[in-house]
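Asks: One structure coming up, written as structure tokens, with questions to follow.
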Amino acid sequence: MSKFKYKRVLLKISGEVLMGTQGYGIDLATVGRVADEILSIKNSGAEVALVIGGGNIFRGLAGVAKGMDRVSADHMGIMATVMNALAMQGVLQSKGIEARMMSAIAMPTVCETYSARQGIYHLQHGRVVICAAGTGLPFFTTDTGAALRAAELECDALFKGTSVDGVYSADPKTDISAKRFEQITFNEVLQKDLHIMDPAAIALARDNNIPVVVFSIRDAGNVATVYAGQGLFTTVVKE
Ligand code: UDP
């Protein structure tokens, strides 16, 4: 058994992380930095599946606010996650890291269609599995997609890389008395209405007993630090 707590992890990266310091789109230097971090935990023995959001390019609700219908707007958001996944796959492969992008919406000339069985096979063979297109369904988010894929791919934990170093009792940007939790339960997150992931994602992770590790992915090197159980993070657990 490895000295690390989790062997197979689902890493959720919000699209905004991939913008780097740009206001929009994909910053390939940031994608490269995240790819290096994935390599470092793979070298520690981790099996890594990825779900990447699309908020750096398009969010469905932003389209709805401008008059679009929700289904078309969400499909555009889903396509944004596909663009991010393609960028990540390309960068991982350019660094010699084997990666397989699998889309929840079939696009066979672009990538494999998602299947849990095939995804597990790739993970067992040391490949990074990039789950593109979220759940493939409008009205959902990539957080829910991440919880779903973590369950399907039999992951030991869901690592949610965000802009903050854990779950706080209030928004630390606006409330200086906000306290960071070392550990918190899924039910507390739901009862206290702490917005770390949408409630559907929290419920899926809870019901499938998949711990969610919330940490800042903006701090370089933090993926490996948190994977080793060090540094700052919050673990959301069932009980
Ligand atoms: N989306 C969707 N279904 C999914 C996943 C994503 O409809 O299963 C759409 C939705 O419009 C969302 C957009 O894709 O706003 C981008 O995903 P998300 O907001 O989760 O990205 P993130 O905030 O993680 O960058």
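Labeling convention for the structure tokens: chains A, B, ... as they appear, residues from 1 per chain, ligands from 1 in order of appearance.
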List every residue of region 5-174 of chain A that DSSP, applied to the backbone of this structure, places in strand (DSSP E or B), and write the result as a ChimeraX atom specification.
Replies: /A:8-13,47-52,99-103,112-113,128-132,157-162,168
Asks: Chain A near ligand 1 within 9 Å: what's each residue's closest atom pair and its distance in Å to one decimal, counting only C-alpha atoms and all ligand atoms, ordered by chain then ascending residue number, as CSV?
Replies:
residue,atom,partner,partner_atom_place_in_ligand_line,distance
A:Lys12,CA,ligand 1,24 (O),7.7
A:Ile13,CA,ligand 1,24 (O),6.4
A:Ser14,CA,ligand 1,24 (O),3.6
A:Gly15,CA,ligand 1,25 (O),3.5
A:Glu16,CA,ligand 1,25 (O),5.4
A:Val17,CA,ligand 1,25 (O),7.8
A:Leu18,CA,ligand 1,25 (O),8.8
A:Val51,CA,ligand 1,24 (O),8.5
A:Ile52,CA,ligand 1,24 (O),6.3
A:Gly53,CA,ligand 1,24 (O),3.4
A:Gly54,CA,ligand 1,16 (C),3.9
A:Gly55,CA,ligand 1,25 (O),3.4
A:Asn56,CA,ligand 1,25 (O),6.0
A:Ile57,CA,ligand 1,16 (C),8.0
A:Phe58,CA,ligand 1,13 (C),6.2
A:Arg59,CA,ligand 1,15 (O),3.4
A:Gly60,CA,ligand 1,11 (O),3.2
A:Leu61,CA,ligand 1,15 (O),6.0
A:Ala62,CA,ligand 1,15 (O),7.7
A:Gly63,CA,ligand 1,11 (O),8.3
A:Arg70,CA,ligand 1,11 (O),7.9
A:Val71,CA,ligand 1,7 (O),7.5
A:Ser72,CA,ligand 1,11 (O),8.7
A:Ala73,CA,ligand 1,11 (O),6.0
A:Asp74,CA,ligand 1,11 (O),3.4
A:His75,CA,ligand 1,7 (O),5.8
A:Met76,CA,ligand 1,11 (O),6.6
A:Gly77,CA,ligand 1,14 (O),3.3
A:Ile78,CA,ligand 1,14 (O),4.1
A:Met79,CA,ligand 1,14 (O),7.3
A:Ala80,CA,ligand 1,16 (C),6.7
A:Thr81,CA,ligand 1,16 (C),6.4
A:Ala104,CA,ligand 1,8 (O),8.7
A:Ala132,CA,ligand 1,5 (C),8.8
A:Ala133,CA,ligand 1,5 (C),6.1
A:Gly134,CA,ligand 1,8 (O),3.8
A:Thr135,CA,ligand 1,8 (O),3.6
A:Gly136,CA,ligand 1,8 (O),5.1
A:Leu137,CA,ligand 1,3 (N),4.7
A:Pro138,CA,ligand 1,7 (O),3.6
A:Phe139,CA,ligand 1,7 (O),5.0
A:Phe140,CA,ligand 1,3 (N),4.0
A:Thr141,CA,ligand 1,5 (C),3.7
A:Thr142,CA,ligand 1,20 (O),3.7
A:Asp143,CA,ligand 1,20 (O),5.7
A:Thr144,CA,ligand 1,8 (O),6.7
A:Gly145,CA,ligand 1,8 (O),5.4
A:Ala146,CA,ligand 1,8 (O),8.9
Asks: Just write the chosen residues, N, CA and C atoms, as a compact mmCIF listing (two decimals), in the first residue's frame.
Replies:
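out_39.txt was written with the following content:
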# COMPACT_ATOMS: atom_id res chain seq x y z
N LYS A 12 -10.94 17.75 -9.98
CA LYS A 12 -11.85 18.71 -10.64
C LYS A 12 -11.15 20.06 -10.67
N ILE A 13 -11.04 20.59 -11.87
CA ILE A 13 -10.42 21.91 -12.04
C ILE A 13 -11.45 22.83 -12.66
N SER A 14 -11.69 23.96 -12.03
CA SER A 14 -12.66 24.88 -12.64
C SER A 14 -12.01 25.53 -13.85
N GLY A 15 -12.83 25.85 -14.82
CA GLY A 15 -12.32 26.47 -16.04
C GLY A 15 -11.55 27.75 -15.74
N GLU A 16 -12.02 28.49 -14.73
CA GLU A 16 -11.38 29.77 -14.41
C GLU A 16 -9.91 29.62 -14.06
N VAL A 17 -9.57 28.48 -13.48
CA VAL A 17 -8.16 28.26 -13.12
C VAL A 17 -7.30 28.30 -14.39
N LEU A 18 -7.83 27.76 -15.49
CA LEU A 18 -7.04 27.67 -16.71
C LEU A 18 -6.86 29.01 -17.43
N VAL A 51 -11.77 16.16 -14.38
CA VAL A 51 -12.95 16.83 -14.93
C VAL A 51 -12.61 18.32 -14.93
N ILE A 52 -12.74 18.94 -16.09
CA ILE A 52 -12.41 20.36 -16.20
C ILE A 52 -13.69 21.12 -16.54
N GLY A 53 -13.92 22.23 -15.85
CA GLY A 53 -15.10 23.06 -16.11
C GLY A 53 -14.95 23.84 -17.41
N GLY A 54 -15.85 24.79 -17.60
CA GLY A 54 -15.82 25.57 -18.83
C GLY A 54 -16.04 27.05 -18.61
N GLY A 55 -16.06 27.44 -17.34
CA GLY A 55 -16.41 28.83 -17.00
C GLY A 55 -15.45 29.88 -17.52
N ASN A 56 -14.27 29.48 -17.95
CA ASN A 56 -13.32 30.43 -18.56
C ASN A 56 -13.73 30.81 -19.97
N ILE A 57 -14.69 30.05 -20.53
CA ILE A 57 -15.11 30.30 -21.92
C ILE A 57 -16.59 30.64 -21.99
N PHE A 58 -17.41 29.82 -21.40
CA PHE A 58 -18.86 30.08 -21.48
C PHE A 58 -19.60 29.35 -20.36
N ARG A 59 -20.51 30.06 -19.73
CA ARG A 59 -21.40 29.45 -18.75
C ARG A 59 -22.83 29.56 -19.26
N GLY A 60 -23.59 28.47 -19.14
CA GLY A 60 -24.96 28.46 -19.64
C GLY A 60 -25.79 29.60 -19.07
N LEU A 61 -25.68 29.83 -17.78
CA LEU A 61 -26.57 30.84 -17.18
C LEU A 61 -26.26 32.25 -17.70
N ALA A 62 -25.01 32.48 -18.12
CA ALA A 62 -24.67 33.78 -18.70
C ALA A 62 -25.41 33.95 -20.03
N GLY A 63 -25.52 32.87 -20.78
CA GLY A 63 -26.27 32.92 -22.04
C GLY A 63 -27.75 33.14 -21.79
N ARG A 70 -32.12 27.79 -22.21
CA ARG A 70 -31.19 27.14 -21.28
C ARG A 70 -30.48 25.94 -21.91
N VAL A 71 -31.22 25.15 -22.67
CA VAL A 71 -30.62 23.93 -23.22
C VAL A 71 -29.48 24.29 -24.20
N SER A 72 -29.75 25.22 -25.10
CA SER A 72 -28.68 25.61 -26.05
C SER A 72 -27.51 26.24 -25.31
N ALA A 73 -27.82 27.09 -24.32
CA ALA A 73 -26.75 27.77 -23.58
C ALA A 73 -25.90 26.75 -22.83
N ASP A 74 -26.54 25.77 -22.22
CA ASP A 74 -25.78 24.75 -21.50
C ASP A 74 -24.96 23.89 -22.46
N HIS A 75 -25.52 23.62 -23.64
CA HIS A 75 -24.73 22.87 -24.61
C HIS A 75 -23.48 23.65 -25.01
N MET A 76 -23.59 24.97 -25.09
CA MET A 76 -22.40 25.78 -25.37
C MET A 76 -21.39 25.68 -24.23
N GLY A 77 -21.91 25.70 -22.99
CA GLY A 77 -21.01 25.53 -21.84
C GLY A 77 -20.32 24.18 -21.88
N ILE A 78 -21.08 23.17 -22.27
CA ILE A 78 -20.51 21.81 -22.38
C ILE A 78 -19.40 21.80 -23.44
N MET A 79 -19.63 22.49 -24.55
CA MET A 79 -18.59 22.56 -25.60
C MET A 79 -17.34 23.26 -25.07
N ALA A 80 -17.54 24.22 -24.18
CA ALA A 80 -16.39 24.92 -23.58
C ALA A 80 -15.53 23.93 -22.79
N THR A 81 -16.19 23.00 -22.09
CA THR A 81 -15.41 22.00 -21.32
C THR A 81 -14.62 21.10 -22.28
N ALA A 104 -18.61 12.90 -22.72
CA ALA A 104 -19.96 12.41 -22.38
C ALA A 104 -20.91 12.56 -23.56
N ALA A 132 -14.54 14.78 -20.47
CA ALA A 132 -15.00 16.03 -21.05
C ALA A 132 -16.52 16.05 -21.14
N ALA A 133 -17.09 17.23 -21.29
CA ALA A 133 -18.53 17.45 -21.52
C ALA A 133 -19.38 17.22 -20.27
N GLY A 134 -18.76 17.33 -19.10
CA GLY A 134 -19.52 17.23 -17.85
C GLY A 134 -20.33 15.95 -17.80
N THR A 135 -21.61 16.09 -17.44
CA THR A 135 -22.49 14.92 -17.44
C THR A 135 -23.04 14.66 -18.84
N GLY A 136 -22.82 15.61 -19.75
CA GLY A 136 -23.41 15.52 -21.09
C GLY A 136 -24.82 16.08 -21.15
N LEU A 137 -25.33 16.54 -20.01
CA LEU A 137 -26.72 16.98 -19.92
C LEU A 137 -26.82 18.44 -19.49
N PRO A 138 -27.76 19.18 -20.12
CA PRO A 138 -27.99 20.55 -19.64
C PRO A 138 -28.58 20.53 -18.24
N PHE A 139 -28.57 21.68 -17.60
CA PHE A 139 -29.09 21.87 -16.23
C PHE A 139 -28.17 21.24 -15.17
N PHE A 140 -27.02 20.73 -15.59
CA PHE A 140 -26.06 20.21 -14.61
C PHE A 140 -24.80 21.05 -14.64
N THR A 141 -23.87 20.73 -13.76
CA THR A 141 -22.58 21.44 -13.72
C THR A 141 -21.46 20.42 -13.80
N THR A 142 -20.26 20.93 -13.99
CA THR A 142 -19.12 20.00 -14.02
C THR A 142 -18.79 19.51 -12.61
N ASP A 143 -19.24 20.21 -11.57
CA ASP A 143 -19.06 19.66 -10.21
C ASP A 143 -19.87 18.38 -10.07
N THR A 144 -21.10 18.40 -10.56
CA THR A 144 -21.91 17.18 -10.51
C THR A 144 -21.28 16.11 -11.40
N GLY A 145 -20.79 16.54 -12.58
CA GLY A 145 -20.09 15.60 -13.45
C GLY A 145 -18.89 14.97 -12.73
N ALA A 146 -18.18 15.78 -11.96
CA ALA A 146 -17.00 15.28 -11.24
C ALA A 146 -17.41 14.24 -10.19
Asks: Identify all residues of region 84-223 of chain A in alpha helix (DSSP H) (DSSP on the backbone) and supply them as a ChimeraX atom specification.
Replies: /A:84-94,116-124,142-152,186-191,199-207,222-223
Asks: Kindly indicate which residue among A:Ala87, A:Thr162, A:Glu152, A:Ala205 lies nearest to Gly25 (chain A), using only C-alpha atoms for the distances.
Replies: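 With only C-alpha atoms as the atom set, the closest residue is A:Ala87.
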Asks: Go through A:Lys238, A:Lys5, A:His125, A:Lys66 and flag the residue nearest Val226 (chain A), using only C-alpha atoms for the distances.
Replies: A:Lys5
Asks: Considering only C-alpha atoms, state which residue in the set A:Ala220, A:Val167, A:Arg206, A:Ala46 is at the smallest distance from Asp193 (chain A).
Replies: A:Val167
Asks: Pick the closest to Gln118 (chain A) from A:Leu153, A:Ile97, A:Val237, A:Leu204: which is it, counting only C-alpha atoms?
Replies: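 Smallest distance to Gln118 (chain A) is found for A:Leu153.
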Asks: Report the distance between CA of Phe4 (chain A) and CA of Gly221 (chain A) in Å, rounded to one decimal place.
Replies: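 Atom-to-atom, CA of Phe4 (chain A) to CA of Gly221 (chain A), that is 16.4 Å.
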Asks: Write out as a list in words each polymer residue whose atoms come within 6 Å of Val213 (chain A), counting only C-alpha atoms; drop sequence neighbours fewer than 5 positions from it.
Replies: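 The residues satisfying every condition are Phe159, Lys160, Thr234 and Thr235 of chain A.
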Asks: Restricting the calculation to only C-alpha atoms, which member of A:Met88, A:Met107, A:Val9, A:Val212 is positioned closest to Phe186 (chain A)?
Replies: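 That would be A:Val212, the residue with the smallest distance to Phe186 (chain A).
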Asks: Do a neighbour search on Glu47 (chain A) at 8 Å with only C-alpha atoms, toss out local chain neighbours closer than 5 positions, and write the hits as a PyMOL selection string.
Replies: chain A and resi 7-9+42+123-124+126-128
Asks: Given the selection you just returned, output its residues as a file containing N, CA, C and O atoms, formatted as a CSV table (one decimal), in the first residue's frame.
Replies:
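Once everything was written out, this is part.csv:
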chain,number,residue,atom,x,y,z
A,7,LYS,N,-5.4,6.4,-3.6
A,7,LYS,CA,-4.7,5.9,-4.8
A,7,LYS,C,-5.3,6.5,-6.1
A,7,LYS,O,-4.6,7.1,-6.9
A,8,ARG,N,-6.6,6.3,-6.3
A,8,ARG,CA,-7.2,6.8,-7.5
A,8,ARG,C,-8.0,8.1,-7.2
A,8,ARG,O,-8.9,8.1,-6.3
A,9,VAL,N,-7.7,9.2,-7.8
A,9,VAL,CA,-8.3,10.5,-7.5
A,9,VAL,C,-8.9,11.1,-8.8
A,9,VAL,O,-8.4,10.9,-9.9
A,42,LYS,N,1.2,11.6,-10.2
A,42,LYS,CA,1.3,10.3,-10.9
A,42,LYS,C,2.6,9.6,-10.5
A,42,LYS,O,2.6,8.4,-10.3
A,123,LEU,N,-7.2,4.0,-16.6
A,123,LEU,CA,-6.6,4.4,-15.3
A,123,LEU,C,-5.6,3.3,-14.9
A,123,LEU,O,-4.5,3.5,-14.4
A,124,GLN,N,-6.1,2.0,-15.0
A,124,GLN,CA,-5.3,0.9,-14.6
A,124,GLN,C,-4.0,0.8,-15.4
A,124,GLN,O,-3.0,0.2,-15.0
A,126,GLY,N,-2.3,3.4,-16.3
A,126,GLY,CA,-1.4,4.6,-16.0
A,126,GLY,C,-1.7,5.8,-16.8
A,126,GLY,O,-1.0,6.8,-16.8
A,127,ARG,N,-2.9,5.8,-17.6
A,127,ARG,CA,-3.2,7.0,-18.4
A,127,ARG,C,-4.0,8.0,-17.6
A,127,ARG,O,-4.9,7.5,-16.7
A,128,VAL,N,-3.9,9.2,-17.8
A,128,VAL,CA,-4.7,10.2,-17.2
A,128,VAL,C,-6.0,10.2,-18.1
A,128,VAL,O,-6.0,10.4,-19.3
Asks: Show me, as a PyMOL selection string, the residues that have an atom within 12 Å of Gly231 (chain A) when counting only C-alpha atoms, minus same-chain residues fewer than 4 positions from it.
Replies: chain A and resi 165-166+182+213-217+219+221-227
Asks: Restricting the calculation to only C-alpha atoms, which member of A:Ile41, A:Ala157, A:Ala201, A:Leu148 is positioned closest to Cys131 (chain A)?
Replies: A:Leu148
Asks: Report the distance between CA of Val129 (chain A) and CA of Ala29 (chain A) in Å, rounded to one decimal place.
Replies: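 According to the coordinates, CA of Val129 (chain A) and CA of Ala29 (chain A) are separated by 20.6 Å.
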